[in-house]
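J.: Pasting in a structure now, in structure tokens, and then I'll have a few things to ask.
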Amino acid sequence: MRLGFFTIFGTLFGFVLSRGRVSDYDTIAGMFRLTDLHLFGVIGTAIATAGIGLWLIRRGGNRSA
Amino acid sequence: MYEALFVTPWPWWVAGPAIGLVVTLLAWLLGKPLGVSTGYGVVCALGSRLSFFRAKEYDERWRLAFVVGLPLGGLIAAWLAGQLSPTLAFGQLDRLTHGSAAAKAVLLFGSGLLVGAGARWAGGCPSGHTIVGVAQGARSSIVATLGFMIAGFAVFNALHLVLGG
């Protein structure tokens with residue numbers, strides 16, 4: 001049953017990647033051609049947000065983060 | 001509202017924080033570090049007797065449950081956007097392969113093998129290393145990310161130089 005929660009998270013992750021054009025070939029091609037900087041912004045803000053989030057969890061005493 | 005949420009692609013300043021939020025919620029609610037490629041390793045562990053896949057990380061069934069959700073999320077996104085129309089078109093890759101479906105299949109299949117082997121060799125892919133690892137300040141993840149970027153730039157541009165497109 002608990003595994004179902006992970007599938008929900010996977011679905012959420014797939015949805016977010018898709019909505020953000022991260023899974024799109026042309027977006028990735030644009031990054032490597034430096035003609036579309038969208039993905040740099042996505043990666044940068046994802047790292048920053050995850051960094052703050054994981055730091056807050058650590059500060060709250062959850063060691064698995 | 002529906003248009004902005006489900007139809008128009010999200011701008012980077014929405015997509016990036018959304019990804020970071022998924023990472024944070026998974027760690028907070030279920031106590032797990034997000035990662036994709038290890039999940040494919042779990043699939044391999046189910047069907048392979050190689051000692052490589054006997055490592056502890058490939059014994060984590062939750063990772064398998066997670067990667068099962070990935071294509072579902074993509075499907076739901078396409079469906080809500082009203083763009084659920086299966087196609088073999090692959091954007092600029094079609095120009096690179098000059099419209100040859102066989103060349104495209106070979107390139108994609110070969111790339112998949114390289115990406116899978118490389119991600120397992122590096123101990124992670126652009127989700128586990130670049131987002132989660134770098135956010136935690138792990139030195140190995142920063143090195144892996146530099147590797148992904150440098151190799152991506154080099155191979156992509158070399159391929160386009162040689163094949164055109």
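As shown in the structure tokens, the chain order sets the letters A, B, ...; within each chain, residues go from 1, and ligands are also counted from 1 in the order they appear.
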If the cut-off is 6 Å, can you tell me the residues of chain B near chain A, counting only C-alpha atoms? I'd like them as a list in words.
T.: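 Residues satisfying the distance criterion: Pro9, Trp10, Trp12, Ala15, Gly16, Pro17, Ile19, Gly20, Thr24, Ala27, Gly31, Trp62, Ala65, Phe66, Val67, Gly69, Leu70, Leu72, Gly73, Gly74, Ala77, Gly91, Gln92, Ile131, Ala135 and Phe153 of chain B.
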J.: Hey, can you spit out that residue selection with C-alpha atoms as a compact mmCIF listing (two decimals), in the first residue's frame?
T.:
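Below is the file again22.txt, written as the result:
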```txt
# COMPACT_ATOMS: atom_id res chain seq x y z
CA PRO B 9 4.19 25.29 -20.76
CA TRP B 10 5.36 26.59 -17.38
CA TRP B 12 11.36 28.29 -15.70
CA ALA B 15 8.92 24.65 -13.21
CA GLY B 16 12.16 24.85 -11.19
CA PRO B 17 10.57 25.60 -7.80
CA ILE B 19 10.63 20.33 -9.03
CA GLY B 20 12.34 21.49 -5.83
CA THR B 24 11.28 18.43 -0.56
CA ALA B 27 11.99 13.77 1.68
CA GLY B 31 11.77 10.30 4.04
CA TRP B 62 9.91 2.13 -3.56
CA ALA B 65 7.07 2.29 -7.67
CA PHE B 66 8.37 5.83 -8.23
CA VAL B 67 9.61 5.33 -11.81
CA GLY B 69 4.65 6.94 -12.01
CA LEU B 70 6.92 9.00 -14.31
CA LEU B 72 1.85 8.35 -16.05
CA GLY B 73 2.60 11.95 -15.06
CA GLY B 74 3.70 12.74 -18.61
CA ALA B 77 0.11 16.37 -18.52
CA GLY B 91 11.52 17.74 -32.74
CA GLN B 92 14.96 18.72 -33.97
CA ILE B 131 18.99 18.35 -8.26
CA ALA B 135 21.11 20.83 -3.29
CA PHE B 153 27.60 19.92 -24.88
```
J.: Please return, as a PyMOL selection string, all residues of chain B that DSSP assigns to alpha helix (DSSP H) on the basis of the backbone.
T.: chain B and resi 2+12-29+37-47+61-80+93-96+101-122+134-135+139-163
J.: Please provide as a list in words all residues within 8 Å of Ser37 (chain B), with the sequence filter that same-chain residues fewer than 6 positions apart are discarded (counting only C-alpha atoms).
T.: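 Selected residues are Gly116, Ala119, Arg120, Gly124, Cys125 and Gly128 of chain B.
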J.: I need the residues from that last selection saved to file as a short mmCIF file (atom, residue, chain, number, x, y, z; two decimals), in the first residue's frame (with all heavy atoms), if you can.
T.:
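Dumped to out_33.cif:
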```cif
data_model
loop_
_atom_site.label_atom_id
_atom_site.label_comp_id
_atom_site.auth_asym_id
_atom_site.auth_seq_id
_atom_site.Cartn_x
_atom_site.Cartn_y
_atom_site.Cartn_z
N GLY B 116 21.87 4.93 -19.46
CA GLY B 116 21.65 4.00 -18.36
C GLY B 116 22.96 3.56 -17.72
O GLY B 116 23.12 3.62 -16.50
N ALA B 119 24.72 6.63 -16.00
CA ALA B 119 24.09 7.08 -14.75
C ALA B 119 24.41 6.12 -13.60
O ALA B 119 24.67 6.54 -12.48
CB ALA B 119 22.58 7.20 -14.93
N ARG B 120 24.41 4.82 -13.90
CA ARG B 120 24.73 3.85 -12.84
C ARG B 120 26.20 3.89 -12.48
O ARG B 120 26.60 3.69 -11.34
CB ARG B 120 24.32 2.43 -13.28
CG ARG B 120 22.85 2.17 -13.26
CD ARG B 120 22.23 2.34 -11.85
NE ARG B 120 21.96 3.70 -11.49
CZ ARG B 120 22.12 4.22 -10.29
NH1 ARG B 120 22.63 3.51 -9.31
NH2 ARG B 120 21.84 5.47 -10.03
N GLY B 124 24.23 8.02 -10.19
CA GLY B 124 23.06 8.89 -10.22
C GLY B 124 22.93 9.58 -11.55
O GLY B 124 23.84 9.54 -12.37
N CYS B 125 21.77 10.19 -11.79
CA CYS B 125 21.50 10.86 -13.06
C CYS B 125 21.20 12.33 -12.78
O CYS B 125 21.36 12.80 -11.65
CB CYS B 125 20.33 10.16 -13.77
SG CYS B 125 18.80 10.23 -12.83
N GLY B 128 18.91 12.64 -9.34
CA GLY B 128 19.53 12.33 -8.04
C GLY B 128 20.78 13.13 -7.77
O GLY B 128 21.01 13.61 -6.66
#
```
J.: I'd like the interatomic distance between CA of Val106 (chain B) and CA of Leu159 (chain B), to a tenth of an Å.
T.: 13.9 Å
J.: Give me, please, the distance in Å between CA of Val132 (chain B) and CA of Ala18 (chain B), quoted to one decimal.
T.: 13.4 Å
J.: Please compute the CA of Leu108 (chain B)-CA of Phe6 (chain B) distance, one decimal, in Å.
T.: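 Computing it gives 28.1 Å between the two atoms.
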